[in-house]
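The file input_31.csv contains CSV, C-alpha atoms:
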```csv
chain,number,residue,atom,x,y,z
A,1395,MET,CA,5.3,13.2,-18.8
A,1396,ARG,CA,4.3,13.6,-15.2
A,1397,ILE,CA,4.1,10.6,-13.0
A,1398,SER,CA,1.9,10.7,-10.0
A,1399,LYS,CA,3.0,7.9,-7.7
A,1400,LEU,CA,0.6,8.6,-4.9
A,1401,GLY,CA,-2.3,9.5,-7.2
A,1402,PHE,CA,-4.7,12.3,-6.9
A,1403,MET,CA,-7.1,13.1,-4.0
A,1404,LEU,CA,-10.4,14.9,-4.5
A,1405,THR,CA,-10.7,17.4,-1.7
A,1406,LEU,CA,-13.9,18.8,-0.3
A,1407,VAL,CA,-13.4,21.9,-2.4
A,1408,GLY,CA,-13.1,19.9,-5.5
A,1409,THR,CA,-9.3,20.1,-6.2
A,1410,ILE,CA,-6.8,17.5,-7.1
A,1411,ILE,CA,-3.6,17.2,-5.0
A,1412,ALA,CA,-0.8,15.4,-6.8
A,1413,GLY,CA,1.4,13.6,-4.3
A,1414,SER,CA,4.6,13.0,-6.1
A,1415,ALA,CA,7.5,14.6,-7.9
A,1416,ARG,CA,7.1,15.2,-11.6
A,1417,ALA,CA,9.6,14.0,-14.1
A,1418,GLU,CA,10.2,15.0,-17.7
A,1419,ALA,CA,11.6,11.6,-18.6
A,1420,PHE,CA,10.5,8.2,-17.4
A,1421,THR,CA,11.1,4.6,-18.2
A,1422,ASN,CA,8.8,1.8,-19.0
A,1423,GLN,CA,9.7,0.3,-15.7
A,1424,GLU,CA,8.5,3.4,-13.9
A,1425,LEU,CA,5.2,3.3,-15.8
A,1426,ILE,CA,4.8,-0.4,-15.0
A,1427,SER,CA,5.6,-0.1,-11.3
A,1428,THR,CA,3.3,3.0,-10.9
A,1429,LEU,CA,0.3,1.5,-12.8
A,1430,GLY,CA,0.9,-1.9,-11.3
A,1431,GLN,CA,0.2,-1.0,-7.7
A,1432,VAL,CA,-3.4,-2.2,-7.7
A,1433,ALA,CA,-5.0,-2.7,-4.3
A,1434,GLU,CA,-7.1,-5.7,-3.6
A,1435,GLY,CA,-10.8,-5.2,-4.1
A,1436,ALA,CA,-10.6,-2.3,-6.5
A,1437,PRO,CA,-14.1,-0.7,-6.8
A,1438,SER,CA,-16.2,-1.3,-9.9
A,1439,ILE,CA,-15.9,1.7,-12.2
A,1440,ASP,CA,-18.5,2.7,-14.7
A,1441,ALA,CA,-17.0,5.1,-17.3
A,1442,ALA,CA,-20.4,6.1,-18.6
A,1443,LEU,CA,-21.5,7.0,-15.0
A,1444,LEU,CA,-18.4,9.1,-14.5
A,1445,ALA,CA,-19.0,11.0,-17.8
A,1446,GLU,CA,-22.7,11.6,-16.9
A,1447,GLU,CA,-21.7,12.9,-13.4
A,1448,VAL,CA,-19.2,15.4,-14.9
A,1449,ALA,CA,-21.7,16.6,-17.6
A,1450,ALA,CA,-24.5,17.0,-15.0
A,1451,ASN,CA,-22.2,19.0,-12.6
A,1452,LEU,CA,-20.3,21.2,-15.1
A,1453,GLY,CA,-18.8,24.2,-13.4
A,1454,LYS,CA,-19.3,22.8,-9.9
A,1455,GLY,CA,-15.8,21.3,-9.5
A,1456,GLY,CA,-14.7,18.0,-8.2
A,1457,ALA,CA,-16.7,18.1,-4.9
A,1458,ALA,CA,-19.9,17.6,-6.9
A,1459,LEU,CA,-18.5,14.3,-8.4
A,1460,PRO,CA,-18.8,11.6,-5.7
A,1461,ALA,CA,-18.2,8.7,-8.0
A,1462,TRP,CA,-14.8,10.1,-8.9
A,1463,SER,CA,-13.7,10.0,-5.2
A,1464,ARG,CA,-13.4,6.2,-5.5
A,1465,LEU,CA,-10.6,6.6,-8.0
A,1466,ALA,CA,-8.4,8.6,-5.5
A,1467,ALA,CA,-6.4,5.6,-4.2
A,1468,MET,CA,-6.0,3.8,-7.5
A,1469,PRO,CA,-2.6,3.8,-9.3
A,1470,GLN,CA,-2.4,6.5,-11.9
A,1471,ILE,CA,-0.1,8.7,-13.9
A,1472,ASN,CA,-0.5,12.1,-15.6
A,1473,VAL,CA,0.8,12.2,-19.1
A,1474,ASP,CA,1.8,15.2,-21.3
A,1475,VAL,CA,0.3,14.5,-24.7
A,1476,GLU,CA,0.2,17.4,-27.1
A,1477,PHE,CA,-2.5,17.8,-29.6
A,1478,GLU,CA,-2.9,20.0,-32.6
A,1479,LEU,CA,-4.5,23.3,-31.7
A,1480,ASN,CA,-8.2,22.9,-31.0
A,1481,SER,CA,-8.0,19.4,-32.4
A,1482,VAL,CA,-8.0,15.7,-31.5
A,1483,VAL,CA,-5.0,15.0,-33.7
A,1484,ILE,CA,-2.1,13.8,-31.5
A,1485,ALA,CA,1.0,15.9,-32.2
A,1486,ALA,CA,3.8,13.8,-33.8
A,1487,GLU,CA,6.2,14.5,-30.9
A,1488,SER,CA,3.7,13.0,-28.4
A,1489,TYR,CA,3.5,9.6,-30.2
A,1490,ARG,CA,6.7,8.6,-28.3
A,1491,ASN,CA,4.8,9.0,-25.0
A,1492,VAL,CA,1.7,7.2,-26.3
A,1493,GLY,CA,4.0,4.4,-27.5
A,1494,MET,CA,5.7,4.1,-24.1
A,1495,ILE,CA,2.2,3.8,-22.5
A,1496,ALA,CA,1.4,1.0,-25.0
A,1497,ASP,CA,4.6,-0.8,-24.2
A,1498,ALA,CA,3.8,-0.7,-20.5
A,1499,LEU,CA,0.3,-1.9,-21.1
A,1500,HIS,CA,1.7,-4.9,-23.1
A,1501,ASP,CA,3.9,-5.9,-20.2
A,1502,PRO,CA,2.8,-9.2,-18.5
A,1503,ARG,CA,2.4,-7.4,-15.2
A,1504,LEU,CA,-0.3,-5.1,-16.6
A,1505,LEU,CA,-2.0,-7.5,-19.1
A,1506,GLY,CA,-5.5,-8.0,-18.0
A,1507,HIS,CA,-5.8,-4.7,-16.2
A,1508,LYS,CA,-8.4,-2.1,-17.2
A,1509,ILE,CA,-7.2,1.4,-17.8
A,1510,LEU,CA,-9.3,4.6,-17.5
A,1511,ILE,CA,-8.1,7.3,-19.8
A,1512,VAL,CA,-9.2,10.7,-18.4
A,1513,GLY,CA,-8.9,13.8,-20.7
A,1514,HIS,CA,-8.3,17.2,-19.0
A,1515,THR,CA,-8.2,20.8,-20.4
A,1516,ASP,CA,-7.2,24.1,-18.9
A,1517,SER,CA,-9.9,26.7,-18.4
A,1518,THR,CA,-9.3,28.7,-21.6
A,1519,GLY,CA,-12.6,28.8,-23.5
A,1520,ASP,CA,-16.1,27.6,-22.9
A,1521,ALA,CA,-16.6,24.9,-20.2
A,1522,LYS,CA,-19.0,22.9,-22.4
A,1523,ASP,CA,-16.6,23.1,-25.3
A,1524,ASN,CA,-13.7,22.0,-23.1
A,1525,LEU,CA,-15.7,19.0,-21.8
A,1526,LYS,CA,-16.3,17.9,-25.4
A,1527,LEU,CA,-12.7,18.5,-26.4
A,1528,SER,CA,-11.4,16.6,-23.4
A,1529,GLN,CA,-13.7,13.6,-24.2
A,1530,ALA,CA,-12.6,13.6,-27.8
A,1531,ARG,CA,-8.9,13.7,-26.8
A,1532,ALA,CA,-9.4,10.9,-24.3
A,1533,ASP,CA,-11.1,8.9,-27.1
A,1534,ALA,CA,-8.2,9.7,-29.5
A,1535,ILE,CA,-5.7,8.3,-27.0
A,1536,ARG,CA,-7.9,5.2,-26.5
A,1537,ASP,CA,-8.2,4.7,-30.2
A,1538,ALA,CA,-4.4,5.2,-30.8
A,1539,LEU,CA,-3.6,2.7,-28.1
A,1540,SER,CA,-6.1,0.1,-29.5
A,1541,THR,CA,-5.5,0.5,-33.2
A,1542,THR,CA,-1.9,1.7,-33.7
A,1543,PHE,CA,-0.5,0.0,-30.7
A,1544,ALA,CA,-2.8,-3.1,-30.5
A,1545,VAL,CA,-3.8,-2.7,-26.8
A,1546,ALA,CA,-7.1,-4.7,-26.4
A,1547,PRO,CA,-9.9,-2.2,-26.6
A,1548,ASP,CA,-11.9,-4.0,-23.9
A,1549,ARG,CA,-9.2,-2.9,-21.5
A,1550,LEU,CA,-9.5,0.9,-22.3
A,1551,PHE,CA,-12.2,3.3,-21.1
A,1552,ALA,CA,-12.2,7.0,-22.0
A,1553,VAL,CA,-13.8,9.9,-20.1
A,1554,GLY,CA,-13.3,13.7,-20.5
A,1555,VAL,CA,-13.7,16.0,-17.6
A,1556,GLY,CA,-12.8,19.3,-19.3
A,1557,GLU,CA,-11.6,21.9,-16.8
A,1558,GLU,CA,-13.3,20.4,-13.8
A,1559,MET,CA,-10.2,18.9,-12.1
A,1560,PRO,CA,-7.2,21.1,-12.6
A,1561,LEU,CA,-3.8,19.9,-11.5
A,1562,ASN,CA,-2.8,23.5,-10.9
A,1563,VAL,CA,-5.8,25.0,-9.0
A,1564,THR,CA,-4.1,28.3,-8.5
A,1565,ASP,CA,-3.8,28.9,-12.3
A,1566,PRO,CA,-6.6,27.2,-14.1
A,1567,LYS,CA,-5.2,28.2,-17.5
A,1568,ALA,CA,-1.8,26.7,-16.7
A,1569,PRO,CA,-0.4,24.2,-19.3
A,1570,ALA,CA,-0.1,21.5,-16.6
A,1571,ASN,CA,-3.9,21.3,-16.6
A,1572,ARG,CA,-4.0,20.1,-20.2
A,1573,ARG,CA,-3.2,16.4,-19.7
A,1574,VAL,CA,-4.2,12.9,-20.0
A,1575,GLN,CA,-4.5,10.8,-16.9
A,1576,LEU,CA,-4.3,7.1,-16.8
A,1577,ILE,CA,-5.8,5.2,-13.9
A,1578,ASN,CA,-5.5,1.4,-13.4
A,1579,VAL,CA,-9.1,0.5,-12.4
A,1580,GLY,CA,-8.4,-3.2,-11.7
A,1581,LEU,CA,-8.5,-6.5,-13.4
A,1582,LEU,CA,-10.7,-7.5,-16.3
A,1583,LYS,CA,-13.4,-9.9,-15.1
```

Rewritten as structure tokens:
Amino acid sequence: MRISKLGFMLTLVGTIIAGSARAEAFTNQELISTLGQVAEGAPSIDAALLAEEVAANLGKGGAALPAWSRLAAMPQINVDVEFELNSVVIAAESYRNVGMIADALHDPRLLGHKILIVGHTDSTGDAKDNLKLSQARADAIRDALSTTFAVAPDRLFAVGVGEEMPLNVTDPKAPANRRVQLINVGLLK
């Protein structure tokens, strides 16, 4: 799992800059403290608008996604979740990470917070197929959290961005680009 304590910043050229060290192992306390750093007056986030913006600007990179720039300062983490090849089936070894996410979301400090689940792919394959796959995988994480781990579904929003926002911009096919990003988008109203 990769924890981004400073979050990501969309630059003018449409890249993401991760501002923290990455860790292979983490604790629930680290998840809670990272996701729990919500600033006052978090902007209203519309997951459907975010998805439409990505689909309409496929291949243009992050600079063409102005609604996404509002997420830059929000608390977030990047999570390594493995899936079966070309599938939305979460690999058995990744259920520990999904379970740790669920445990953190059940903590009293994060109850009542909305979480945006963003699916990312590398650039292997067709961009349209990657967009569909990333959405399906973000949906799979949302569904696992809400069904298997009993996180309230009204707290979870899923959006796939395909290969549009690579973590490793110098190597778009790098495994680091295949990830799930969780962003705390504020309190339920």

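Each of A:Val1555, A:Ile1484, A:Met1468, A:Leu1582 was compared to Glu1447 (chain A) using all atoms listed in the file, and A:Val1555 turns out to be the nearest.
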
Counting all atoms listed in the file, which residues of region 1458-1541 of chain A sit at most 7 Å from some atom of region 1568-1573 of chain A, and what is each one's closest atom pair with its distance in Å to one decimal, listed by chain and rising residue number, as JSON lines?
```
{"residue": "A:Asn1472", "atom": "CA", "partner": "A:Arg1573", "partner_atom": "CA", "distance": 6.5}
{"residue": "A:Val1473", "atom": "CA", "partner": "A:Arg1573", "partner_atom": "CA", "distance": 5.8}
{"residue": "A:Asp1474", "atom": "CA", "partner": "A:Arg1573", "partner_atom": "CA", "distance": 5.4}
{"residue": "A:Val1475", "atom": "CA", "partner": "A:Arg1573", "partner_atom": "CA", "distance": 6.4}
{"residue": "A:Gly1513", "atom": "CA", "partner": "A:Arg1573", "partner_atom": "CA", "distance": 6.3}
{"residue": "A:His1514", "atom": "CA", "partner": "A:Arg1573", "partner_atom": "CA", "distance": 5.2}
{"residue": "A:Thr1515", "atom": "CA", "partner": "A:Arg1572", "partner_atom": "CA", "distance": 4.3}
{"residue": "A:Asp1516", "atom": "CA", "partner": "A:Asn1571", "partner_atom": "CA", "distance": 4.9}
```

What lies within 12 Å of Asn1480 (chain A) using all atoms listed in the file, ignoring chain neighbours under 4 positions off, as a VMD selection string? chain A and resid 1476 1484 to 1485 1515 1518 to 1519 1523 to 1524 1526 to 1528 1530 to 1531 1572

Could those residues be written to a file, using C-alpha atoms, as a tab-separated table (two decimals), keeping the file's coordinate frame?
```
chain	number	residue	atom	x	y	z
A	1476	GLU	CA	0.20	17.40	-27.10
A	1484	ILE	CA	-2.10	13.80	-31.50
A	1485	ALA	CA	1.00	15.90	-32.20
A	1515	THR	CA	-8.20	20.80	-20.40
A	1518	THR	CA	-9.30	28.70	-21.60
A	1519	GLY	CA	-12.60	28.80	-23.50
A	1523	ASP	CA	-16.60	23.10	-25.30
A	1524	ASN	CA	-13.70	22.00	-23.10
A	1526	LYS	CA	-16.30	17.90	-25.40
A	1527	LEU	CA	-12.70	18.50	-26.40
A	1528	SER	CA	-11.40	16.60	-23.40
A	1530	ALA	CA	-12.60	13.60	-27.80
A	1531	ARG	CA	-8.90	13.70	-26.80
A	1572	ARG	CA	-4.00	20.10	-20.20
```

Nearest to Ile1439 (chain A) by atom-to-atom distance, counting all atoms listed in the file, from A:Lys1508, A:Arg1503, A:Arg1490, A:Lys1567: A:Lys1508

Quick one: pull the distance between CA of Phe1551 (chain A) and CA of Asp1520 (chain A), Å, one decimal. 24.7 Å

A:His1500, A:His1507, A:Arg1536, A:Arg1464: which is nearest Val1482 (chain A), counting all atoms listed in the file?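 Of all the options, A:Arg1536 lies closest to Val1482 (chain A).
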
At what distance in Å, to one decimal, does CA of Ile1511 (chain A) lie from CA of Ala1445 (chain A)?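 That distance, rounded to one decimal, is 11.7 Å.
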
Which residue out of A:Thr1421, A:Asn1578, A:Ser1540, A:Ser1438 has the minimum interatomic distance to Pro1469 (chain A) when all atoms listed in the file are used? A:Asn1578

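Nearest-residue note for Thr1428 (chain A): choosing from A:Ala1461, A:Ala1546, A:Ile1471, A:Val1512, the minimum distance belongs to A:Ile1471, counting all atoms listed in the file.
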
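A straight line drawn from CA of Leu1550 (chain A) to CA of Ile1509 (chain A) is 5.1 Å long.
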
Find the residue from A:Pro1502, A:Pro1560, A:Pro1460, A:Gly1453 that sits nearest to Ile1426 (chain A); use all atoms listed in the file when measuring. A:Pro1502
